[in-house]
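Visitor: File follows, structure16.cif with mmCIF, C-alpha atoms:
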data_query
#
loop_
_atom_site.label_atom_id
_atom_site.label_comp_id
_atom_site.auth_asym_id
_atom_site.auth_seq_id
_atom_site.Cartn_x
_atom_site.Cartn_y
_atom_site.Cartn_z
CA MET A 1 -72.45 -18.64 24.73
CA SER A 2 -72.13 -15.02 23.75
CA LYS A 3 -68.87 -14.99 25.68
CA PHE A 4 -67.14 -16.95 22.97
CA ASP A 5 -68.49 -15.02 20.00
CA ILE A 6 -65.27 -14.69 18.07
CA HIS A 7 -66.22 -11.38 16.43
CA ASN A 8 -67.10 -9.56 19.62
CA LEU A 9 -64.10 -10.38 21.75
CA THR A 10 -62.63 -7.67 23.90
CA LYS A 11 -59.04 -6.79 23.22
CA LYS A 12 -57.89 -8.67 26.28
CA GLN A 13 -59.82 -11.81 25.38
CA ARG A 14 -58.41 -11.73 21.88
CA ARG A 15 -54.89 -11.36 23.19
CA GLN A 16 -55.41 -14.26 25.57
CA MET A 17 -56.83 -16.42 22.83
CA HIS A 18 -53.80 -15.70 20.65
CA SER A 19 -51.32 -16.53 23.36
CA TRP A 20 -53.12 -19.81 24.11
CA LEU A 21 -53.02 -20.65 20.42
CA ARG A 22 -49.31 -19.89 20.28
CA ALA A 23 -48.67 -22.00 23.38
CA ALA A 24 -50.70 -24.89 21.96
CA ILE A 25 -48.82 -24.92 18.64
CA GLN A 26 -45.49 -24.70 20.47
CA LEU A 27 -46.41 -27.47 22.89
CA LEU A 28 -47.47 -29.83 20.08
CA TYR A 29 -44.25 -29.23 18.15
CA PHE A 30 -42.23 -29.56 21.36
CA LEU A 31 -43.78 -32.91 22.23
CA PHE A 32 -43.95 -34.53 18.82
CA LEU A 33 -41.36 -32.91 16.55
CA PRO A 34 -38.55 -31.77 18.82
CA SER A 35 -35.53 -32.65 16.73
CA ALA A 36 -35.92 -30.54 13.58
CA TYR A 37 -33.60 -27.89 14.96
CA THR A 38 -30.73 -30.24 15.80
CA ALA A 39 -31.24 -32.20 12.57
CA ALA A 40 -31.04 -29.04 10.44
CA PHE A 41 -27.98 -27.83 12.28
CA ALA A 42 -26.41 -31.28 11.98
CA GLY A 43 -26.79 -30.63 8.23
CA VAL A 44 -24.68 -27.46 8.54
CA LYS A 45 -22.06 -29.32 10.58
CA TYR A 46 -22.06 -32.20 8.10
CA ILE A 47 -21.43 -29.84 5.15
CA PHE A 48 -18.44 -28.23 6.88
CA THR A 49 -17.06 -31.60 8.01
CA GLN A 50 -17.23 -32.96 4.47
CA LEU A 51 -15.64 -29.80 3.02
CA GLY A 52 -12.81 -30.03 5.53
CA ALA A 53 -12.20 -33.69 4.78
CA GLY A 54 -12.40 -33.13 1.01
CA GLU A 55 -15.30 -35.55 0.78
CA LYS A 56 -18.43 -35.32 -1.30
CA ILE A 57 -21.55 -33.73 0.21
CA GLY A 58 -24.36 -36.23 -0.03
CA LEU A 59 -28.03 -35.40 0.23
CA THR A 60 -28.34 -37.00 3.66
CA SER A 61 -31.46 -36.71 5.78
CA PHE A 62 -29.82 -33.87 7.75
CA VAL A 63 -29.05 -31.90 4.60
CA SER A 64 -32.58 -32.32 3.30
CA VAL A 65 -34.04 -31.06 6.59
CA LEU A 66 -31.68 -28.08 6.35
CA ILE A 67 -32.64 -27.28 2.76
CA VAL A 68 -36.39 -27.60 3.39
CA LEU A 69 -36.24 -25.44 6.52
CA CYS A 70 -34.24 -22.77 4.70
CA LEU A 71 -36.70 -22.71 1.79
CA TYR A 72 -39.62 -22.50 4.23
CA THR A 73 -37.92 -19.59 6.01
CA ILE A 74 -37.28 -17.77 2.73
CA VAL A 75 -40.99 -17.92 1.93
CA PHE A 76 -42.64 -17.49 5.35
CA GLY A 77 -39.96 -15.86 7.48
CA ARG A 78 -38.59 -17.40 10.66
CA PHE A 79 -41.92 -18.97 11.63
CA PHE A 80 -40.08 -22.15 12.49
CA CYS A 81 -38.06 -20.26 15.13
CA GLY A 82 -41.12 -18.61 16.60
CA PHE A 83 -43.45 -21.59 16.81
CA ALA A 84 -41.83 -24.93 16.05
CA CYS A 85 -38.29 -24.96 17.43
CA ALA A 86 -38.15 -27.03 20.62
CA PHE A 87 -35.33 -24.96 22.07
CA GLY A 88 -37.13 -21.69 21.32
CA SER A 89 -40.31 -22.96 22.95
CA PHE A 90 -38.28 -24.15 25.94
CA GLY A 91 -36.87 -20.61 26.25
CA ASP A 92 -40.36 -19.10 26.04
CA ALA A 93 -41.50 -21.41 28.83
CA VAL A 94 -38.52 -20.53 31.05
CA HIS A 95 -39.10 -16.83 30.48
CA ALA A 96 -42.84 -17.09 31.10
CA LEU A 97 -42.18 -18.99 34.33
CA TYR A 98 -39.73 -16.32 35.51
CA VAL A 99 -42.16 -13.50 34.75
CA TRP A 100 -44.96 -15.41 36.51
CA VAL A 101 -42.82 -15.98 39.61
CA CYS A 102 -41.83 -12.29 39.67
CA LYS A 103 -45.49 -11.35 39.52
CA LYS A 104 -46.32 -13.68 42.41
CA ILE A 105 -43.60 -12.28 44.65
CA ARG A 106 -44.36 -8.73 43.48
CA LYS A 107 -40.92 -8.01 42.12
CA LYS A 108 -40.10 -6.33 38.88
CA PRO A 109 -38.50 -8.80 36.42
CA VAL A 110 -34.85 -8.02 35.74
CA LYS A 111 -34.19 -7.13 32.12
CA LEU A 112 -30.99 -6.80 30.18
CA PRO A 113 -30.33 -3.24 28.99
CA GLU A 114 -30.98 -2.67 25.31
CA LYS A 115 -27.46 -1.42 24.65
CA VAL A 116 -26.07 -4.77 25.80
CA THR A 117 -28.60 -6.89 23.91
CA GLU A 118 -27.94 -5.02 20.68
CA LYS A 119 -24.28 -6.00 20.79
CA MET A 120 -24.99 -9.55 21.92
CA THR A 121 -26.94 -10.30 18.72
CA MET A 122 -23.55 -10.58 17.01
CA LEU A 123 -22.53 -13.48 19.28
CA LYS A 124 -24.51 -16.03 17.28
CA TYR A 125 -22.38 -15.41 14.20
CA ILE A 126 -19.28 -16.08 16.30
CA VAL A 127 -20.83 -19.30 17.63
CA LEU A 128 -21.62 -20.38 14.07
CA ALA A 129 -18.10 -19.51 12.86
CA VAL A 130 -16.42 -21.40 15.72
CA ILE A 131 -18.52 -24.54 15.16
CA ALA A 132 -17.97 -24.34 11.39
CA ILE A 133 -14.20 -24.07 11.85
CA LEU A 134 -14.15 -26.98 14.34
CA CYS A 135 -16.10 -29.12 11.87
CA PHE A 136 -13.90 -28.06 8.96
CA LYS A 137 -10.78 -29.01 10.92
CA GLY A 138 -12.39 -32.33 11.76
CA VAL A 139 -12.06 -31.85 15.51
CA TYR A 140 -15.70 -31.17 16.33
CA SER A 141 -16.34 -34.75 17.38
CA GLN A 142 -13.75 -34.31 20.15
CA THR A 143 -15.94 -31.65 21.76
CA GLN A 144 -18.64 -34.18 22.56
CA GLY A 145 -20.04 -33.40 25.97
CA TYR A 146 -19.61 -29.63 25.61
CA SER A 147 -22.80 -29.04 23.67
CA PRO A 148 -25.77 -27.74 25.67
CA TRP A 149 -28.07 -28.87 22.81
CA ASP A 150 -26.97 -32.48 23.19
CA VAL A 151 -27.78 -32.27 26.90
CA PHE A 152 -31.14 -30.69 26.14
CA SER A 153 -32.11 -33.30 23.56
CA MET A 154 -30.96 -36.10 25.85
CA LEU A 155 -33.14 -34.76 28.65
CA HIS A 156 -36.00 -34.39 26.21
CA ALA A 157 -35.65 -38.07 25.30
CA PHE A 158 -35.58 -38.99 29.03
CA ASN A 159 -31.98 -40.10 28.72
CA PHE A 160 -30.35 -39.11 31.99
CA LYS A 161 -26.90 -40.61 31.51
CA LEU A 162 -25.19 -37.24 31.60
CA GLY A 163 -21.86 -38.47 33.00
CA GLY A 164 -19.54 -37.00 30.36
CA TYR A 165 -21.56 -33.88 29.86
CA VAL A 166 -20.53 -31.64 32.76
CA LEU A 167 -19.66 -28.62 30.63
CA GLY A 168 -22.79 -29.12 28.52
CA VAL A 169 -24.97 -29.16 31.66
CA VAL A 170 -23.26 -26.02 33.04
CA LEU A 171 -23.77 -24.21 29.73
CA LEU A 172 -27.41 -25.28 29.58
CA VAL A 173 -28.01 -23.92 33.09
CA LEU A 174 -26.34 -20.61 32.19
CA ILE A 175 -28.43 -20.37 29.03
CA MET A 176 -31.56 -21.05 31.09
CA ILE A 177 -30.70 -18.15 33.38
CA GLY A 178 -30.30 -15.97 30.29
CA MET A 179 -33.60 -17.27 28.91
CA ALA A 180 -35.34 -16.17 32.11
CA LEU A 181 -33.93 -12.64 32.06
CA GLN A 182 -34.36 -11.97 28.35
CA GLU A 183 -37.11 -13.29 26.13
CA ARG A 184 -35.64 -15.43 23.33
CA PHE A 185 -32.16 -15.08 24.84
CA PHE A 186 -30.77 -18.13 23.09
CA CYS A 187 -32.45 -17.51 19.73
CA ARG A 188 -31.28 -13.91 19.51
CA PHE A 189 -27.78 -14.18 20.89
CA LEU A 190 -26.47 -17.72 20.60
CA CYS A 191 -28.36 -19.86 18.11
CA PRO A 192 -26.05 -20.80 15.21
CA MET A 193 -29.04 -21.99 13.19
CA GLY A 194 -30.60 -18.57 13.77
CA ALA A 195 -27.43 -17.03 12.37
CA VAL A 196 -27.93 -19.05 9.19
CA PHE A 197 -31.63 -18.14 9.01
CA SER A 198 -31.02 -14.43 9.57
CA TRP A 199 -28.79 -14.34 6.49
CA LEU A 200 -31.43 -15.85 4.21
CA PRO A 201 -33.12 -13.64 1.63
CA MET A 202 -36.61 -13.66 3.16
CA LEU A 203 -39.49 -12.77 0.87
CA PRO A 204 -41.36 -9.65 2.03
CA PHE A 205 -44.91 -10.83 1.34
CA PHE A 206 -45.92 -12.47 4.61
CA THR A 207 -44.15 -10.31 7.19
CA LEU A 208 -45.81 -7.74 9.43
CA ARG A 209 -45.71 -3.98 8.90
CA ARG A 210 -47.20 -0.92 10.60
CA GLU A 211 -49.05 2.04 9.16
CA ARG A 212 -46.72 4.63 10.56
CA GLU A 213 -48.79 7.76 9.98
CA GLN A 214 -51.57 6.35 12.15
CA CYS A 215 -49.24 5.63 15.07
CA ILE A 216 -49.58 7.54 18.34
CA LYS A 217 -46.68 9.97 18.49
CA GLY A 218 -43.80 8.55 20.52
CA CYS A 219 -45.49 5.18 21.01
CA SER A 220 -43.16 2.22 20.71
CA ALA A 221 -45.38 -0.47 22.21
CA CYS A 222 -44.57 -2.94 19.44
CA THR A 223 -40.82 -2.52 19.79
CA LYS A 224 -41.10 -2.94 23.55
CA GLN A 225 -43.19 -6.09 23.17
CA CYS A 226 -40.92 -7.54 20.50
CA PRO A 227 -38.55 -10.23 21.78
CA SER A 228 -35.98 -8.89 19.30
CA ASP A 229 -36.73 -5.17 19.91
CA ILE A 230 -37.48 -4.65 16.22
CA GLY A 231 -38.93 -1.39 15.00
CA LEU A 232 -41.38 -2.67 12.38
CA PRO A 233 -40.99 -1.44 8.81
CA GLU A 234 -43.66 0.83 7.34
CA ALA A 235 -46.54 -0.47 5.26
CA GLY A 236 -45.45 -0.70 1.64
CA SER A 237 -41.81 -1.17 2.56
CA LEU A 238 -40.17 -4.37 1.36
CA ASP A 239 -37.65 -4.68 4.18
CA VAL A 240 -37.59 -7.77 6.38
CA SER A 241 -35.68 -8.02 9.62
CA GLY A 242 -33.59 -11.17 9.88
CA ASP A 243 -34.22 -11.26 13.63
CA CYS A 244 -38.04 -11.37 13.45
CA PHE A 245 -39.30 -14.74 14.74
CA GLN A 246 -42.82 -14.20 13.36
CA CYS A 247 -44.15 -14.53 16.90
CA GLN A 248 -47.00 -12.12 16.04
CA LYS A 249 -47.07 -10.66 19.55
CA CYS A 250 -46.86 -7.10 18.24
CA ILE A 251 -50.27 -7.39 16.53
CA ASP A 252 -52.20 -7.50 19.80
CA THR A 253 -50.02 -4.94 21.55
CA CYS A 254 -50.64 -2.07 19.17
CA PRO A 255 -53.16 0.34 20.75
CA ARG A 256 -54.38 1.42 17.30
CA ALA A 257 -54.42 -2.06 15.70
CA ASN A 258 -52.02 -0.73 13.11
CA ILE A 259 -49.96 -3.83 12.54
CA HIS A 260 -50.84 -6.10 9.66
CA CYS A 261 -49.49 -8.34 7.02
CA GLY A 262 -49.27 -6.41 3.75
CA LEU A 263 -51.00 -9.03 1.60
CA PRO A 264 -54.72 -8.23 1.03
CA GLY A 265 -56.05 -11.76 1.66
CA ILE A 266 -54.16 -12.14 4.91
CA LYS A 267 -54.63 -8.62 6.30
CA GLY A 268 -56.88 -9.03 9.31
CA ASN A 269 -56.71 -12.81 9.16
CA GLU A 270 -53.23 -13.16 10.60
CA VAL A 271 -54.38 -15.74 13.15
CA ILE A 272 -55.76 -18.08 10.53
CA PHE A 273 -52.58 -17.58 8.52
CA THR A 274 -50.55 -18.59 11.60
CA ILE A 275 -52.46 -21.87 11.78
CA ILE A 276 -51.99 -22.42 8.04
CA ARG A 277 -48.24 -21.87 8.34
CA ALA A 278 -48.05 -24.29 11.26
CA LEU A 279 -49.92 -26.91 9.23
CA ILE A 280 -47.71 -26.44 6.16
CA LEU A 281 -44.62 -26.88 8.31
CA PHE A 282 -46.14 -29.94 9.95
CA GLY A 283 -46.81 -31.42 6.50
CA LEU A 284 -43.21 -30.76 5.45
CA PHE A 285 -41.87 -32.51 8.57
CA ILE A 286 -44.06 -35.54 7.98
CA TRP A 287 -42.88 -35.65 4.39
CA LEU A 288 -39.25 -35.48 5.56
CA GLY A 289 -39.89 -38.25 8.05
CA ILE A 290 -38.61 -36.40 11.10
CA MET B 1 -35.23 -4.71 -0.82
CA LYS B 2 -31.57 -4.19 -1.63
CA THR B 3 -30.53 -6.48 1.23
CA PHE B 4 -32.87 -9.12 -0.15
CA TRP B 5 -31.10 -9.18 -3.50
CA VAL B 6 -27.64 -9.11 -1.92
CA ARG B 7 -28.59 -12.07 0.26
CA ALA B 8 -30.25 -13.91 -2.61
CA VAL B 9 -27.11 -13.55 -4.72
CA ASN B 10 -24.95 -14.71 -1.79
CA LEU B 11 -27.13 -17.77 -1.27
CA LEU B 12 -27.01 -18.64 -4.97
CA VAL B 13 -23.22 -18.27 -4.98
CA ILE B 14 -22.91 -20.57 -1.96
CA ALA B 15 -25.27 -23.15 -3.50
CA ALA B 16 -23.38 -22.97 -6.83
CA LEU B 17 -20.02 -23.38 -5.06
CA LEU B 18 -21.23 -26.45 -3.15
CA ILE B 19 -22.71 -28.03 -6.28
CA GLY B 20 -19.53 -27.23 -8.22
CA TYR B 21 -17.44 -28.72 -5.42
CA ASN B 22 -19.48 -31.91 -5.57
CA ALA B 23 -19.24 -32.07 -9.36
CA VAL B 24 -15.44 -31.71 -9.26
CA LEU B 25 -15.20 -34.51 -6.72
CA THR B 26 -17.46 -36.75 -8.80
CA LEU B 27 -15.23 -36.18 -11.83
CA ARG B 28 -12.13 -36.89 -9.79
CA ASP B 29 -13.72 -40.05 -8.39
CA LYS B 30 -14.45 -41.25 -11.90
CA ASP B 31 -10.89 -40.54 -13.02
CA ASP B 32 -9.56 -42.41 -10.03
CA GLN B 33 -11.84 -45.32 -10.74
CA ILE B 34 -10.77 -45.49 -14.36
CA ALA B 35 -7.11 -45.33 -13.35
CA LYS B 36 -7.65 -48.04 -10.80
CA LEU B 37 -9.46 -50.32 -13.22
CA THR B 38 -6.79 -49.91 -15.90
CA ALA B 39 -4.12 -50.66 -13.37
CA GLU B 40 -5.95 -53.78 -12.34
CA LEU B 41 -6.36 -54.88 -15.95
CA GLU B 42 -2.71 -54.37 -16.68
CA SER B 43 -1.67 -56.19 -13.62
CA ALA B 44 -0.56 -59.70 -14.44
CA ASN B 45 -1.37 -60.67 -10.90
CA LEU B 46 -5.05 -60.04 -11.39
CA TYR B 47 -5.97 -63.68 -11.34
CA LYS B 48 -3.64 -64.41 -8.48
CA GLN B 49 -5.13 -61.57 -6.48
CA ALA B 50 -8.63 -62.84 -7.05
CA VAL B 51 -7.59 -66.26 -5.84
CA LEU B 52 -5.91 -64.78 -2.77
CA GLN B 53 -8.95 -62.67 -2.03
CA SER B 54 -11.30 -65.58 -2.25
CA GLN B 55 -9.03 -67.56 0.01
CA ASP B 56 -9.10 -64.66 2.45
CA ALA B 57 -12.85 -64.54 2.32
CA ALA B 58 -13.06 -68.25 2.90
CA ALA B 59 -10.71 -67.94 5.85
CA SER B 60 -12.59 -65.07 7.44
CA GLY B 61 -15.90 -66.68 6.60
CA GLY B 62 -16.96 -69.41 8.88
CA ALA B 63 -16.26 -67.15 11.82
CA TYR B 64 -19.98 -66.97 12.46
CA THR B 65 -22.60 -69.64 12.64
CA ASP B 66 -25.29 -69.46 9.98
CA GLY B 67 -28.68 -68.18 11.05
CA ILE B 68 -30.53 -65.06 12.05
CA TRP B 69 -29.18 -63.50 15.23
CA LYS B 70 -30.77 -60.84 17.34
CA GLY B 71 -29.12 -58.14 19.42
CA THR B 72 -30.29 -55.15 21.45
CA ALA B 73 -28.47 -52.05 22.67
CA GLN B 74 -29.16 -48.57 23.97
CA GLY B 75 -29.50 -45.95 21.21
CA PHE B 76 -30.39 -42.30 21.69
CA GLY B 77 -33.77 -42.44 23.35
CA GLY B 78 -34.24 -46.12 23.94
CA ASP B 79 -33.37 -49.62 22.81
CA ILE B 80 -32.47 -50.52 19.25
CA GLN B 81 -33.07 -54.12 18.20
CA VAL B 82 -31.34 -55.58 15.15
CA GLU B 83 -31.37 -58.85 13.24
CA VAL B 84 -28.13 -60.05 11.69
CA THR B 85 -28.34 -62.65 8.94
CA VAL B 86 -25.32 -64.94 8.62
CA GLU B 87 -25.05 -67.12 5.52
CA GLY B 88 -22.05 -69.23 4.59
CA GLY B 89 -20.27 -67.97 7.66
CA SER B 90 -20.42 -64.30 6.73
CA ILE B 91 -22.75 -61.41 7.48
CA THR B 92 -25.08 -60.92 4.54
CA ASP B 93 -27.77 -58.68 5.95
CA ILE B 94 -28.52 -56.48 8.95
CA SER B 95 -31.97 -55.15 9.59
CA ILE B 96 -33.32 -52.90 12.31
CA VAL B 97 -36.27 -54.62 13.95
CA SER B 98 -37.27 -51.85 16.30
CA ALA B 99 -35.99 -48.42 17.23
CA GLU B 100 -39.11 -46.75 18.53
CA LYS B 101 -37.49 -43.98 20.53
CA GLU B 102 -35.00 -43.02 17.81
CA ASP B 103 -35.53 -39.96 15.71
CA GLY B 104 -36.30 -40.44 12.00
CA ALA B 105 -33.66 -38.16 10.52
CA TYR B 106 -30.98 -39.45 12.86
CA LEU B 107 -31.84 -43.10 12.44
CA SER B 108 -31.73 -42.94 8.65
CA MET B 109 -28.34 -41.23 8.95
CA ALA B 110 -27.16 -43.88 11.42
CA GLU B 111 -28.24 -46.70 9.08
CA ASP B 112 -25.19 -45.82 6.96
CA ILE B 113 -23.19 -47.86 9.44
CA ILE B 114 -24.85 -51.09 8.23
CA PRO B 115 -23.03 -51.35 4.85
CA LYS B 116 -19.80 -50.48 6.67
CA ILE B 117 -20.31 -53.38 9.07
CA ILE B 118 -21.17 -55.77 6.23
CA ASP B 119 -18.08 -54.67 4.26
CA ALA B 120 -15.83 -55.12 7.26
CA GLN B 121 -17.57 -58.34 8.30
CA SER B 122 -17.20 -56.99 11.82
CA ALA B 123 -18.89 -54.51 14.11
CA GLU B 124 -15.58 -52.80 14.82
CA VAL B 125 -16.18 -49.83 12.53
CA ASP B 126 -16.29 -46.07 13.10
CA THR B 127 -19.64 -44.59 14.07
CA ILE B 128 -21.47 -42.05 11.91
CA SER B 129 -20.61 -38.52 12.95
CA GLY B 130 -23.69 -36.44 13.62
CA ALA B 131 -25.68 -39.53 14.54
CA THR B 132 -23.27 -40.90 17.13
CA PHE B 133 -25.88 -42.16 19.60
CA SER B 134 -28.04 -44.05 17.12
CA SER B 135 -25.14 -45.52 15.14
CA THR B 136 -23.35 -46.59 18.33
CA GLY B 137 -26.60 -48.27 19.34
CA ILE B 138 -26.80 -50.16 16.04
CA ARG B 139 -23.13 -51.13 16.32
CA ASN B 140 -23.47 -52.43 19.88
CA ALA B 141 -26.63 -54.35 19.01
CA VAL B 142 -24.81 -56.00 16.09
CA THR B 143 -21.86 -56.79 18.38
CA GLN B 144 -24.24 -58.53 20.75
CA ALA B 145 -25.83 -60.51 17.91
CA LEU B 146 -22.42 -61.50 16.55
CA GLU B 147 -21.29 -62.68 19.97
CA GLU B 148 -24.13 -65.14 19.88
CA ALA B 149 -23.29 -66.11 16.32
CA ALA B 150 -19.67 -66.74 17.23
CA GLU B 151 -20.49 -69.20 19.97
#
Written as structure tokens, how would this file's structure read?
Guide:
Amino acid sequence: MSKFDIHNLTKKQRRQMHSWLRAAIQLLYFLFLPSAYTAAFAGVKYIFTQLGAGEKIGLTSFVSVLIVLCLYTIVFGRFFCGFACAFGSFGDAVHALYVWVCKKIRKKPVKLPEKVTEKMTMLKYIVLAVIAILCFKGVYSQTQGYSPWDVFSMLHAFNFKLGGYVLGVVLLVLIMIGMALQERFFCRFLCPMGAVFSWLPMLPFFTLRREREQCIKGCSACTKQCPSDIGLPEAGSLDVSGDCFQCQKCIDTCPRANIHCGLPGIKGNEVIFTIIRALILFGLFIWLGI
Amino acid sequence: MKTFWVRAVNLLVIAALLIGYNAVLTLRDKDDQIAKLTAELESANLYKQAVLQSQDAAASGGAYTDGIWKGTAQGFGGDIQVEVTVEGGSITDISIVSAEKEDGAYLSMAEDIIPKIIDAQSAEVDTISGATFSSTGIRNAVTQALEEAAE
């Protein structure tokens, strides 16, 4: 079985192995723990509703999911977004399907121009602000049926009574078209929970960096591969981009294998660290009783 | 690293504001409670009120037949089954027998509707916002159980 000798894999085999691992983790979270995203965001909505009504903010199950997810993100970055969020995984699947179909019919996949995407990242803050204001005013409950997330989670639970959800269904379809054209369309541009996460003070220990002086001149393979078009910070820098989903795709793309986590124990073992992070998150969810 | 500290300070300020907000409300609640209790004590009608209340309770009690009644209704992902205990004509306990397809976080949020139903002695209460599906399911299941109990 020399083919599966983990230390002598070709670059392509390694990349394939990593994408299978990513897909497996995403699939497991999608099937068994799909509601963490809506529960955490329900926590945000609950806080604004209570503030608007002048009521006390209790430590409800939604709020505790929100707090735990925020703490996890502060320590490990937006790993939850990249691997565990059901809606993010759904978007990855839609995008992968679109790219696969394009390949089959020998057409170049349509992509949104970078100038447009850069501006659209701001949309998620507007989405968050609008929802927060609606909750604060106490009128959010009247918008039932508009939310594409409700429609998505109903479909996920095999609940097909979508009678009052026309606008929600239309929005979901539009978002799916966006998801096909642009990787992580929803997460980057529209996700209100992502807006909250991207404002968190993320610790710089576990994020990826590149050794810039070893880069091929003019190469931007990692930025092109990145679903958020991030130019990675240099090794030794303590900056963290709020839009990095920790998807780890840049590691395998780099022609010089220049991209690593700065921490000595993890450098070179990023794959194992990915599994560890997934397990820690899984443990937290079990503890929370999601 | 500068952004990190700016964000960390922002987060701490937000957390402190929310905790402060809660503390103020707790204090206010306590003040209100004290005021309410004093008012009740001072009221000469205290005894009368108690009598009236108990008469009320007796009148509204007896609406349901004693026993343990079961009801089922559609929740978020599937059926929710509840058991309503009626003692002395009034609802004393509601327990969820099964809610397999419901989601943990949502179900525990939706369970807040149970004390509301027991307080009101009726299933005609507002649902829990944020957990509308699950709490509506619990409410409808209780309604079904109470229909049986009323017969």
Visitor: Using the chain letters and numbers from this file, what does the PyMOL selection byres ((chain A) within 6 of (chain B)) select? Give the answer as number ranges by chain.
Guide: A: 56, 61, 157, 201, 238-239, 289-290
Visitor: Can you turn the PyMOL selection byres ((chain A and resi 163) around 12) into a concrete residue list for this file, as a PyMOL selection string?
Guide: chain A and resi 144-146+151+154+159-162+164-169
Visitor: Find the residues near Thr60 in chain A: any atom within 9 Å, counting only C-alpha atoms, skip ones fewer than 2 places away on the same chain, and give them as number ranges by chain.
Guide: A: 43, 57-58, 62-65; B: 105, 108-109
Visitor: Here is a test: counting all atoms listed in the file, which residue of B:Ala149, B:Leu37, B:Leu17, B:Ile118 is nearest to Trp69 in chain B?
Guide: B:Ala149
Visitor: Could you tell me, as a list in words, exactly which residues end up selected when the PyMOL selection byres ((chain A and resi 254-264) around 9) is applied to this structure?
Guide: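 Here the PyMOL selection byres ((chain A and resi 254-264) around 9) matches Pro204, Phe205, Phe206, Thr207, Leu208, Arg209, Arg210, Glu211, Arg212, Gln214, Cys215, Ile216, Ser220, Ala221, Cys222, Leu232, Ala235, Gly236, Cys250, Ile251, Asp252, Thr253, Gly265, Ile266, Lys267, Gly268, Asn269 and Glu270 of chain A.
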Visitor: Using C-alpha atoms, can you write the selected residues to a file as a short mmCIF file (atom, residue, chain, number, x, y, z; two decimals), in the coordinates of the input?
Guide:
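Saved the output as selection_8.cif:
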data_model
loop_
_atom_site.label_atom_id
_atom_site.label_comp_id
_atom_site.auth_asym_id
_atom_site.auth_seq_id
_atom_site.Cartn_x
_atom_site.Cartn_y
_atom_site.Cartn_z
CA PRO A 204 -41.36 -9.65 2.03
CA PHE A 205 -44.91 -10.83 1.34
CA PHE A 206 -45.92 -12.47 4.61
CA THR A 207 -44.15 -10.31 7.19
CA LEU A 208 -45.81 -7.74 9.43
CA ARG A 209 -45.71 -3.98 8.90
CA ARG A 210 -47.20 -0.92 10.60
CA GLU A 211 -49.05 2.04 9.16
CA ARG A 212 -46.72 4.63 10.56
CA GLN A 214 -51.57 6.35 12.15
CA CYS A 215 -49.24 5.63 15.07
CA ILE A 216 -49.58 7.54 18.34
CA SER A 220 -43.16 2.22 20.71
CA ALA A 221 -45.38 -0.47 22.21
CA CYS A 222 -44.57 -2.94 19.44
CA LEU A 232 -41.38 -2.67 12.38
CA ALA A 235 -46.54 -0.47 5.26
CA GLY A 236 -45.45 -0.70 1.64
CA CYS A 250 -46.86 -7.10 18.24
CA ILE A 251 -50.27 -7.39 16.53
CA ASP A 252 -52.20 -7.50 19.80
CA THR A 253 -50.02 -4.94 21.55
CA GLY A 265 -56.05 -11.76 1.66
CA ILE A 266 -54.16 -12.14 4.91
CA LYS A 267 -54.63 -8.62 6.30
CA GLY A 268 -56.88 -9.03 9.31
CA ASN A 269 -56.71 -12.81 9.16
CA GLU A 270 -53.23 -13.16 10.60
#
Visitor: Could you work out how far CA of Thr136 in chain B lies from CA of Val86 in chain B, giving the answer in Å with one decimal?
Guide: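 Computing it gives 20.9 Å between the two atoms.
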Visitor: Give me, please, the distance in Å between CA of Gly137 in chain B and CA of Pro34 in chain A, quoted to one decimal.
Guide: 20.4 Å
Visitor: Neighbourhood query: residues within 12 Å of (-28.8, -56.8, 10.3), file coordinates, counting all atoms listed in the file; return as a PyMOL selection string.
Guide: chain B and resi 67-72+80-87+90-98+111+113-118+121-123+138-146
Visitor: Give me a file of those residues, with C-alpha atoms, as a short mmCIF file (atom, residue, chain, number, x, y, z; two decimals), keeping the file's coordinate frame.
Guide:
data_model
loop_
_atom_site.label_atom_id
_atom_site.label_comp_id
_atom_site.auth_asym_id
_atom_site.auth_seq_id
_atom_site.Cartn_x
_atom_site.Cartn_y
_atom_site.Cartn_z
CA GLY B 67 -28.68 -68.18 11.05
CA ILE B 68 -30.53 -65.06 12.05
CA TRP B 69 -29.18 -63.50 15.23
CA LYS B 70 -30.77 -60.84 17.34
CA GLY B 71 -29.12 -58.14 19.42
CA THR B 72 -30.29 -55.15 21.45
CA ILE B 80 -32.47 -50.52 19.25
CA GLN B 81 -33.07 -54.12 18.20
CA VAL B 82 -31.34 -55.58 15.15
CA GLU B 83 -31.37 -58.85 13.24
CA VAL B 84 -28.13 -60.05 11.69
CA THR B 85 -28.34 -62.65 8.94
CA VAL B 86 -25.32 -64.94 8.62
CA GLU B 87 -25.05 -67.12 5.52
CA SER B 90 -20.42 -64.30 6.73
CA ILE B 91 -22.75 -61.41 7.48
CA THR B 92 -25.08 -60.92 4.54
CA ASP B 93 -27.77 -58.68 5.95
CA ILE B 94 -28.52 -56.48 8.95
CA SER B 95 -31.97 -55.15 9.59
CA ILE B 96 -33.32 -52.90 12.31
CA VAL B 97 -36.27 -54.62 13.95
CA SER B 98 -37.27 -51.85 16.30
CA GLU B 111 -28.24 -46.70 9.08
CA ILE B 113 -23.19 -47.86 9.44
CA ILE B 114 -24.85 -51.09 8.23
CA PRO B 115 -23.03 -51.35 4.85
CA LYS B 116 -19.80 -50.48 6.67
CA ILE B 117 -20.31 -53.38 9.07
CA ILE B 118 -21.17 -55.77 6.23
CA GLN B 121 -17.57 -58.34 8.30
CA SER B 122 -17.20 -56.99 11.82
CA ALA B 123 -18.89 -54.51 14.11
CA ILE B 138 -26.80 -50.16 16.04
CA ARG B 139 -23.13 -51.13 16.32
CA ASN B 140 -23.47 -52.43 19.88
CA ALA B 141 -26.63 -54.35 19.01
CA VAL B 142 -24.81 -56.00 16.09
CA THR B 143 -21.86 -56.79 18.38
CA GLN B 144 -24.24 -58.53 20.75
CA ALA B 145 -25.83 -60.51 17.91
CA LEU B 146 -22.42 -61.50 16.55
#
